[in-house]
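Participant: Got a structure for you, structure_29.tsv, holding TSV, N, CA and C atoms.
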chain	number	residue	atom	x	y	z
C	872	MET	N	0.84	-1.15	0.00
C	872	MET	CA	0.00	0.00	0.00
C	872	MET	C	0.90	1.23	0.00
C	873	SER	N	0.46	2.29	-0.68
C	873	SER	CA	1.20	3.54	-0.71
C	873	SER	C	0.23	4.69	-0.44
C	874	PHE	N	0.79	5.86	-0.23
C	874	PHE	CA	-0.02	7.06	0.01
C	874	PHE	C	0.33	8.07	-1.08
C	875	ASP	N	-0.67	8.47	-1.87
C	875	ASP	CA	-0.50	9.52	-2.87
C	875	ASP	C	-1.03	10.82	-2.30
C	876	SER	N	-0.26	11.88	-2.49
C	876	SER	CA	-0.63	13.17	-1.94
C	876	SER	C	-0.59	14.25	-3.01
C	877	TRP	N	-1.68	14.98	-3.15
C	877	TRP	CA	-1.68	16.17	-3.98
C	877	TRP	C	-1.42	17.32	-3.02
C	878	ALA	N	-0.17	17.68	-2.88
C	878	ALA	CA	0.24	18.74	-1.96
C	878	ALA	C	0.81	19.90	-2.75
C	879	TYR	N	0.43	21.11	-2.39
C	879	TYR	CA	1.01	22.30	-2.99
C	879	TYR	C	2.42	22.51	-2.41
C	880	HIS	N	3.22	23.32	-3.08
C	880	HIS	CA	4.60	23.53	-2.62
C	880	HIS	C	4.64	24.04	-1.19
C	881	THR	N	3.61	24.76	-0.77
C	881	THR	CA	3.56	25.31	0.59
C	881	THR	C	3.28	24.24	1.64
C	882	GLN	N	2.90	23.04	1.21
C	882	GLN	CA	2.55	21.96	2.13
C	882	GLN	C	3.59	20.85	2.18
C	883	LEU	N	4.69	21.01	1.45
C	883	LEU	CA	5.67	19.94	1.37
C	883	LEU	C	6.39	19.67	2.69
C	884	ASP	N	6.56	20.68	3.52
C	884	ASP	CA	7.18	20.45	4.83
C	884	ASP	C	6.29	19.57	5.71
C	885	GLU	N	4.99	19.82	5.67
C	885	GLU	CA	4.06	18.99	6.43
C	885	GLU	C	4.03	17.57	5.89
C	886	LEU	N	4.13	17.44	4.57
C	886	LEU	CA	4.18	16.10	3.98
C	886	LEU	C	5.45	15.37	4.41
C	887	ALA	N	6.55	16.09	4.52
C	887	ALA	CA	7.80	15.49	5.01
C	887	ALA	C	7.63	15.00	6.45
C	888	ASP	N	6.94	15.77	7.27
C	888	ASP	CA	6.66	15.34	8.65
C	888	ASP	C	5.85	14.05	8.65
C	889	LEU	N	4.84	13.98	7.78
C	889	LEU	CA	4.02	12.78	7.67
C	889	LEU	C	4.87	11.59	7.22
C	890	ALA	N	5.73	11.82	6.26
C	890	ALA	CA	6.59	10.75	5.75
C	890	ALA	C	7.52	10.23	6.84
C	891	ARG	N	8.05	11.13	7.65
C	891	ARG	CA	8.92	10.69	8.75
C	891	ARG	C	8.14	9.89	9.79
C	892	ALA	N	6.87	10.19	9.95
C	892	ALA	CA	6.04	9.46	10.92
C	892	ALA	C	5.68	8.07	10.42
C	893	PHE	N	5.73	7.85	9.10
C	893	PHE	CA	5.38	6.56	8.52
C	893	PHE	C	6.49	6.09	7.56
C	894	PRO	N	7.64	5.73	8.11
C	894	PRO	CA	8.80	5.41	7.27
C	894	PRO	C	8.66	4.14	6.43
C	895	GLU	N	7.70	3.30	6.72
C	895	GLU	CA	7.52	2.06	5.96
C	895	GLU	C	6.51	2.23	4.83
C	896	THR	N	5.86	3.37	4.74
C	896	THR	CA	4.83	3.59	3.73
C	896	THR	C	5.40	4.39	2.56
C	897	PRO	N	5.39	3.84	1.37
C	897	PRO	CA	5.80	4.63	0.21
C	897	PRO	C	4.85	5.82	0.02
C	898	ILE	N	5.41	6.98	-0.19
C	898	ILE	CA	4.62	8.20	-0.36
C	898	ILE	C	4.94	8.77	-1.73
C	899	VAL	N	3.89	9.09	-2.48
C	899	VAL	CA	4.02	9.64	-3.82
C	899	VAL	C	3.50	11.08	-3.80
C	900	ILE	N	4.36	12.00	-4.21
C	900	ILE	CA	3.95	13.40	-4.34
C	900	ILE	C	3.41	13.57	-5.76
C	901	ASP	N	2.12	13.82	-5.88
C	901	ASP	CA	1.50	13.99	-7.19
C	901	ASP	C	1.76	15.38	-7.75
C	902	HIS	N	1.71	15.48	-9.07
C	902	HIS	CA	1.77	16.76	-9.79
C	902	HIS	C	3.00	17.58	-9.42
C	903	ILE	N	4.12	16.93	-9.25
C	903	ILE	CA	5.45	17.48	-8.93
C	903	ILE	C	5.46	18.42	-7.72
C	904	GLY	N	4.49	18.28	-6.83
C	904	GLY	CA	4.47	19.13	-5.64
C	904	GLY	C	3.89	20.51	-5.89
C	905	VAL	N	3.22	20.69	-6.99
C	905	VAL	CA	2.48	21.89	-7.40
C	905	VAL	C	3.09	23.21	-6.94
C	906	PRO	N	4.09	23.70	-7.66
C	906	PRO	CA	4.55	25.07	-7.38
C	906	PRO	C	3.48	26.05	-7.86
C	907	LEU	N	2.75	26.61	-6.93
C	907	LEU	CA	1.60	27.45	-7.26
C	907	LEU	C	1.98	28.67	-8.08
C	908	GLY	N	1.11	29.02	-9.02
C	908	GLY	CA	1.34	30.18	-9.87
C	908	GLY	C	0.11	31.04	-10.01
C	909	VAL	N	-0.85	30.88	-9.10
C	909	VAL	CA	-2.09	31.65	-9.14
C	909	VAL	C	-2.32	32.33	-7.79
C	910	GLY	N	-3.31	33.20	-7.75
C	910	GLY	CA	-3.63	33.89	-6.50
C	910	GLY	C	-2.44	34.72	-6.04
C	911	PRO	N	-2.11	34.65	-4.74
C	911	PRO	CA	-1.01	35.48	-4.23
C	911	PRO	C	0.36	35.08	-4.78
C	912	TYR	N	0.44	33.94	-5.47
C	912	TYR	CA	1.71	33.46	-6.03
C	912	TYR	C	1.91	33.90	-7.49
C	913	ALA	N	0.88	34.42	-8.10
C	913	ALA	CA	0.97	34.88	-9.49
C	913	ALA	C	2.00	36.00	-9.59
C	914	GLY	N	2.85	35.92	-10.60
C	914	GLY	CA	3.85	36.94	-10.81
C	914	GLY	C	5.09	36.81	-9.93
C	915	HIS	N	5.16	35.74	-9.15
C	915	HIS	CA	6.29	35.53	-8.24
C	915	HIS	C	6.98	34.20	-8.54
C	916	ARG	N	7.03	33.86	-9.82
C	916	ARG	CA	7.52	32.54	-10.23
C	916	ARG	C	8.91	32.21	-9.69
C	917	ASP	N	9.85	33.16	-9.75
C	917	ASP	CA	11.21	32.88	-9.28
C	917	ASP	C	11.23	32.53	-7.79
C	918	ALA	N	10.50	33.29	-6.99
C	918	ALA	CA	10.44	33.03	-5.55
C	918	ALA	C	9.75	31.70	-5.26
C	919	VAL	N	8.66	31.44	-5.98
C	919	VAL	CA	7.93	30.17	-5.79
C	919	VAL	C	8.83	28.99	-6.15
C	920	PHE	N	9.51	29.08	-7.30
C	920	PHE	CA	10.37	27.97	-7.71
C	920	PHE	C	11.52	27.76	-6.72
C	921	ALA	N	12.06	28.82	-6.18
C	921	ALA	CA	13.15	28.68	-5.20
C	921	ALA	C	12.64	27.98	-3.94
C	922	GLU	N	11.46	28.37	-3.46
C	922	GLU	CA	10.89	27.73	-2.27
C	922	GLU	C	10.53	26.27	-2.56
C	923	TRP	N	9.92	26.03	-3.71
C	923	TRP	CA	9.53	24.68	-4.12
C	923	TRP	C	10.76	23.77	-4.21
C	924	LYS	N	11.83	24.27	-4.83
C	924	LYS	CA	13.05	23.50	-4.98
C	924	LYS	C	13.65	23.14	-3.62
C	925	ALA	N	13.72	24.11	-2.71
C	925	ALA	CA	14.29	23.86	-1.38
C	925	ALA	C	13.47	22.82	-0.62
C	926	ARG	N	12.15	22.93	-0.70
C	926	ARG	CA	11.31	21.97	0.01
C	926	ARG	C	11.40	20.58	-0.61
C	927	LEU	N	11.50	20.52	-1.93
C	927	LEU	CA	11.65	19.21	-2.58
C	927	LEU	C	13.00	18.58	-2.22
C	928	GLN	N	14.05	19.38	-2.18
C	928	GLN	CA	15.36	18.83	-1.81
C	928	GLN	C	15.32	18.27	-0.40
C	929	HIS	N	14.58	18.90	0.47
C	929	HIS	CA	14.46	18.43	1.86
C	929	HIS	C	13.72	17.09	1.91
C	930	ILE	N	12.57	17.01	1.25
C	930	ILE	CA	11.77	15.79	1.32
C	930	ILE	C	12.40	14.66	0.50
C	931	ALA	N	13.20	15.01	-0.51
C	931	ALA	CA	13.85	14.00	-1.35
C	931	ALA	C	14.87	13.18	-0.58
C	932	ARG	N	15.28	13.63	0.57
C	932	ARG	CA	16.23	12.86	1.40
C	932	ARG	C	15.60	11.60	1.99
C	933	LEU	N	14.27	11.56	1.97
C	933	LEU	CA	13.56	10.41	2.53
C	933	LEU	C	13.44	9.34	1.45
C	934	PRO	N	14.00	8.16	1.68
C	934	PRO	CA	14.10	7.16	0.62
C	934	PRO	C	12.77	6.55	0.18
C	935	HIS	N	11.73	6.74	0.95
C	935	HIS	CA	10.43	6.14	0.61
C	935	HIS	C	9.46	7.17	0.01
C	936	VAL	N	9.97	8.34	-0.37
C	936	VAL	CA	9.15	9.37	-1.00
C	936	VAL	C	9.52	9.46	-2.47
C	937	PHE	N	8.49	9.48	-3.30
C	937	PHE	CA	8.66	9.52	-4.76
C	937	PHE	C	7.84	10.69	-5.31
C	938	ILE	N	8.13	11.08	-6.55
C	938	ILE	CA	7.40	12.19	-7.16
C	938	ILE	C	6.83	11.73	-8.49
C	939	LYS	N	5.61	12.14	-8.75
C	939	LYS	CA	4.94	11.81	-10.00
C	939	LYS	C	4.96	13.03	-10.90
C	940	LEU	N	5.49	12.85	-12.09
C	940	LEU	CA	5.51	13.93	-13.07
C	940	LEU	C	4.17	13.94	-13.79
C	941	GLY	N	3.47	15.02	-13.67
C	941	GLY	CA	2.18	15.12	-14.34
C	941	GLY	C	1.43	16.34	-13.84
C	942	GLY	N	0.36	16.65	-14.53
C	942	GLY	CA	-0.49	17.75	-14.12
C	942	GLY	C	0.01	19.13	-14.51
C	943	LEU	N	1.09	19.18	-15.28
C	943	LEU	CA	1.69	20.48	-15.58
C	943	LEU	C	0.78	21.40	-16.38
C	944	GLY	N	-0.22	20.89	-17.02
C	944	GLY	CA	-1.14	21.72	-17.78
C	944	GLY	C	-2.28	22.29	-16.96
C	945	MET	N	-2.34	21.98	-15.67
C	945	MET	CA	-3.42	22.48	-14.83
C	945	MET	C	-3.26	23.98	-14.60
C	946	SER	N	-4.38	24.68	-14.51
C	946	SER	CA	-4.35	26.13	-14.36
C	946	SER	C	-3.70	26.58	-13.04
C	947	VAL	N	-3.67	25.76	-12.03
C	947	VAL	CA	-3.10	26.13	-10.73
C	947	VAL	C	-1.60	26.42	-10.81
C	948	PHE	N	-0.95	25.91	-11.86
C	948	PHE	CA	0.47	26.19	-12.05
C	948	PHE	C	0.71	27.62	-12.56
C	949	GLY	N	-0.32	28.22	-13.14
C	949	GLY	CA	-0.22	29.61	-13.59
C	949	GLY	C	0.49	29.80	-14.92
C	950	PHE	N	0.69	28.72	-15.67
C	950	PHE	CA	1.32	28.89	-16.98
C	950	PHE	C	0.28	29.43	-17.96
C	951	PRO	N	0.68	30.32	-18.87
C	951	PRO	CA	-0.28	31.00	-19.74
C	951	PRO	C	-0.67	30.25	-21.01
C	952	PHE	N	-0.68	28.92	-20.98
C	952	PHE	CA	-1.08	28.22	-22.20
C	952	PHE	C	-2.43	27.59	-22.04
Kindly transcribe the structure held in the file into structure tokens.
Facilitator:
Amino acid sequence: MSFDSWAYHTQLDELADLARAFPETPIVIDHIGVPLGVGPYAGHRDAVFAEWKARLQHIARLPHVFIKLGGLGMSVFGFPF
């Protein structure tokens, strides 16, 4: 059994806490950890990506956490296509 999580970049630290609490459970971060690009995050892509990268590097140290590449076309990412 595994746990899939749709967590925004602002929630990755909490997801890391959860992962540390359940070290035997594979955890999958869906939609690459959603670096938000809408609402208060719109127009702040460089800052968002820097925060997202730092949080991903932190959680990536946990050997039972994986990331799913997908969802990049969703409007929540804030890309203009």
Participant: Pick the closest to Leu883 of chain C from C:Ile900, C:Val909, C:Met945, C:Leu933: which is it, counting only C-alpha atoms?
Facilitator: C:Ile900
Participant: Suppose you want the space between atom C of Gly904 of chain C and atom N of Ala921 of chain C; what is it in Å?
Facilitator: 11.7 Å
Participant: In Å, rounded to a single decimal, give me how far atom N of Ala890 of chain C is from atom N of Ile930 of chain C.
Facilitator: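 According to the coordinates, atom N of Ile930 of chain C and atom N of Ala890 of chain C are separated by 9.9 Å.
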Participant: By how many Å are atom CA of Pro911 of chain C and atom CA of Gly941 of chain C apart?
Facilitator: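 Interatomic distance here is 23.0 Å.
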Participant: Taking only chain C into account, list the residues labelled strand (DSSP E) by DSSP (computed from the backbone), as a list in words.
Facilitator: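 Assigned to strand (DSSP E), within chain C: Phe874, Asp875, Ser876, Ile898, Val899, Ile900, Val936, Phe937 and Ile938 of chain C.
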Participant: Using all atoms listed in the file, find the one residue out of C:Met872, C:Ala925, C:Ile938, C:Ala887 that sits nearest to His902 of chain C.
Facilitator: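 Of C:Met872, C:Ala925, C:Ile938, C:Ala887, the one nearest His902 of chain C, counting all atoms listed in the file, is C:Ile938.
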Participant: Taking all atoms listed in the file into account, name the residue in C:Leu943, C:Leu889, C:Val919, C:Ala931 that is nearest to Ile903 of chain C.
Facilitator: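 Of all the options, C:Leu943 lies closest to Ile903 of chain C.
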Participant: Applying 9 Å and only C-alpha atoms, which residues near Asp884 of chain C remain after dropping the ones on its own chain fewer than 6 positions away? List them as a compact mmCIF listing (two decimals) with N, CA and C atoms, in the frame of the given file.
Facilitator:
# COMPACT_ATOMS: atom_id res chain seq x y z
N ARG C 926 12.15 22.93 -0.70
CA ARG C 926 11.31 21.97 0.01
C ARG C 926 11.40 20.58 -0.61
N LEU C 927 11.50 20.52 -1.93
CA LEU C 927 11.65 19.21 -2.58
C LEU C 927 13.00 18.58 -2.22
N HIS C 929 14.58 18.90 0.47
CA HIS C 929 14.46 18.43 1.86
C HIS C 929 13.72 17.09 1.91
N ILE C 930 12.57 17.01 1.25
CA ILE C 930 11.77 15.79 1.32
C ILE C 930 12.40 14.66 0.50
Participant: Check the DSSP output for the backbone and give back, as JSON, numbers by chain, the residues of chain C in helix (DSSP H, G or I).
Facilitator: {"C": [880, 881, 882, 883, 884, 885, 886, 887, 888, 889, 890, 891, 892, 901, 902, 903, 904, 910, 911, 912, 916, 917, 918, 919, 920, 921, 922, 923, 924, 925, 926, 927, 928, 929, 930, 946, 947, 948]}
Participant: For N, CA and C atoms, I'd like the residues from the last selection saved as a CSV table (one decimal), in the coordinates of the input.
Facilitator:
chain,number,residue,atom,x,y,z
C,880,HIS,N,3.2,23.3,-3.1
C,880,HIS,CA,4.6,23.5,-2.6
C,880,HIS,C,4.6,24.0,-1.2
C,881,THR,N,3.6,24.8,-0.8
C,881,THR,CA,3.6,25.3,0.6
C,881,THR,C,3.3,24.2,1.6
C,882,GLN,N,2.9,23.0,1.2
C,882,GLN,CA,2.6,22.0,2.1
C,882,GLN,C,3.6,20.8,2.2
C,883,LEU,N,4.7,21.0,1.4
C,883,LEU,CA,5.7,19.9,1.4
C,883,LEU,C,6.4,19.7,2.7
C,884,ASP,N,6.6,20.7,3.5
C,884,ASP,CA,7.2,20.4,4.8
C,884,ASP,C,6.3,19.6,5.7
C,885,GLU,N,5.0,19.8,5.7
C,885,GLU,CA,4.1,19.0,6.4
C,885,GLU,C,4.0,17.6,5.9
C,886,LEU,N,4.1,17.4,4.6
C,886,LEU,CA,4.2,16.1,4.0
C,886,LEU,C,5.4,15.4,4.4
C,887,ALA,N,6.6,16.1,4.5
C,887,ALA,CA,7.8,15.5,5.0
C,887,ALA,C,7.6,15.0,6.4
C,888,ASP,N,6.9,15.8,7.3
C,888,ASP,CA,6.7,15.3,8.6
C,888,ASP,C,5.8,14.0,8.6
C,889,LEU,N,4.8,14.0,7.8
C,889,LEU,CA,4.0,12.8,7.7
C,889,LEU,C,4.9,11.6,7.2
C,890,ALA,N,5.7,11.8,6.3
C,890,ALA,CA,6.6,10.8,5.8
C,890,ALA,C,7.5,10.2,6.8
C,891,ARG,N,8.0,11.1,7.6
C,891,ARG,CA,8.9,10.7,8.8
C,891,ARG,C,8.1,9.9,9.8
C,892,ALA,N,6.9,10.2,10.0
C,892,ALA,CA,6.0,9.5,10.9
C,892,ALA,C,5.7,8.1,10.4
C,901,ASP,N,2.1,13.8,-5.9
C,901,ASP,CA,1.5,14.0,-7.2
C,901,ASP,C,1.8,15.4,-7.8
C,902,HIS,N,1.7,15.5,-9.1
C,902,HIS,CA,1.8,16.8,-9.8
C,902,HIS,C,3.0,17.6,-9.4
C,903,ILE,N,4.1,16.9,-9.2
C,903,ILE,CA,5.4,17.5,-8.9
C,903,ILE,C,5.5,18.4,-7.7
C,904,GLY,N,4.5,18.3,-6.8
C,904,GLY,CA,4.5,19.1,-5.6
C,904,GLY,C,3.9,20.5,-5.9
C,910,GLY,N,-3.3,33.2,-7.8
C,910,GLY,CA,-3.6,33.9,-6.5
C,910,GLY,C,-2.4,34.7,-6.0
C,911,PRO,N,-2.1,34.6,-4.7
C,911,PRO,CA,-1.0,35.5,-4.2
C,911,PRO,C,0.4,35.1,-4.8
C,912,TYR,N,0.4,33.9,-5.5
C,912,TYR,CA,1.7,33.5,-6.0
C,912,TYR,C,1.9,33.9,-7.5
C,916,ARG,N,7.0,33.9,-9.8
C,916,ARG,CA,7.5,32.5,-10.2
C,916,ARG,C,8.9,32.2,-9.7
C,917,ASP,N,9.8,33.2,-9.8
C,917,ASP,CA,11.2,32.9,-9.3
C,917,ASP,C,11.2,32.5,-7.8
C,918,ALA,N,10.5,33.3,-7.0
C,918,ALA,CA,10.4,33.0,-5.6
C,918,ALA,C,9.8,31.7,-5.3
C,919,VAL,N,8.7,31.4,-6.0
C,919,VAL,CA,7.9,30.2,-5.8
C,919,VAL,C,8.8,29.0,-6.2
C,920,PHE,N,9.5,29.1,-7.3
C,920,PHE,CA,10.4,28.0,-7.7
C,920,PHE,C,11.5,27.8,-6.7
C,921,ALA,N,12.1,28.8,-6.2
C,921,ALA,CA,13.2,28.7,-5.2
C,921,ALA,C,12.6,28.0,-3.9
C,922,GLU,N,11.5,28.4,-3.5
C,922,GLU,CA,10.9,27.7,-2.3
C,922,GLU,C,10.5,26.3,-2.6
C,923,TRP,N,9.9,26.0,-3.7
C,923,TRP,CA,9.5,24.7,-4.1
C,923,TRP,C,10.8,23.8,-4.2
C,924,LYS,N,11.8,24.3,-4.8
C,924,LYS,CA,13.0,23.5,-5.0
C,924,LYS,C,13.6,23.1,-3.6
C,925,ALA,N,13.7,24.1,-2.7
C,925,ALA,CA,14.3,23.9,-1.4
C,925,ALA,C,13.5,22.8,-0.6
C,926,ARG,N,12.2,22.9,-0.7
C,926,ARG,CA,11.3,22.0,0.0
C,926,ARG,C,11.4,20.6,-0.6
C,927,LEU,N,11.5,20.5,-1.9
C,927,LEU,CA,11.6,19.2,-2.6
C,927,LEU,C,13.0,18.6,-2.2
C,928,GLN,N,14.0,19.4,-2.2
C,928,GLN,CA,15.4,18.8,-1.8
C,928,GLN,C,15.3,18.3,-0.4
C,929,HIS,N,14.6,18.9,0.5
C,929,HIS,CA,14.5,18.4,1.9
C,929,HIS,C,13.7,17.1,1.9
C,930,ILE,N,12.6,17.0,1.2
C,930,ILE,CA,11.8,15.8,1.3
C,930,ILE,C,12.4,14.7,0.5
C,946,SER,N,-4.4,24.7,-14.5
C,946,SER,CA,-4.4,26.1,-14.4
C,946,SER,C,-3.7,26.6,-13.0
C,947,VAL,N,-3.7,25.8,-12.0
C,947,VAL,CA,-3.1,26.1,-10.7
C,947,VAL,C,-1.6,26.4,-10.8
C,948,PHE,N,-1.0,25.9,-11.9
C,948,PHE,CA,0.5,26.2,-12.0
C,948,PHE,C,0.7,27.6,-12.6
Participant: Considering only C-alpha atoms, can you say which of C:His880, C:Pro951, C:Gly910, C:Thr896 comes closest to Gln928 of chain C?
Facilitator: C:His880
Participant: Please identify all polymer residues within 10 Å of Asp875 of chain C, counting only C-alpha atoms, omitting same-chain residues fewer than 4 positions from it, and present them as a ChimeraX atom specification.
Facilitator: /C:897-901,936-939
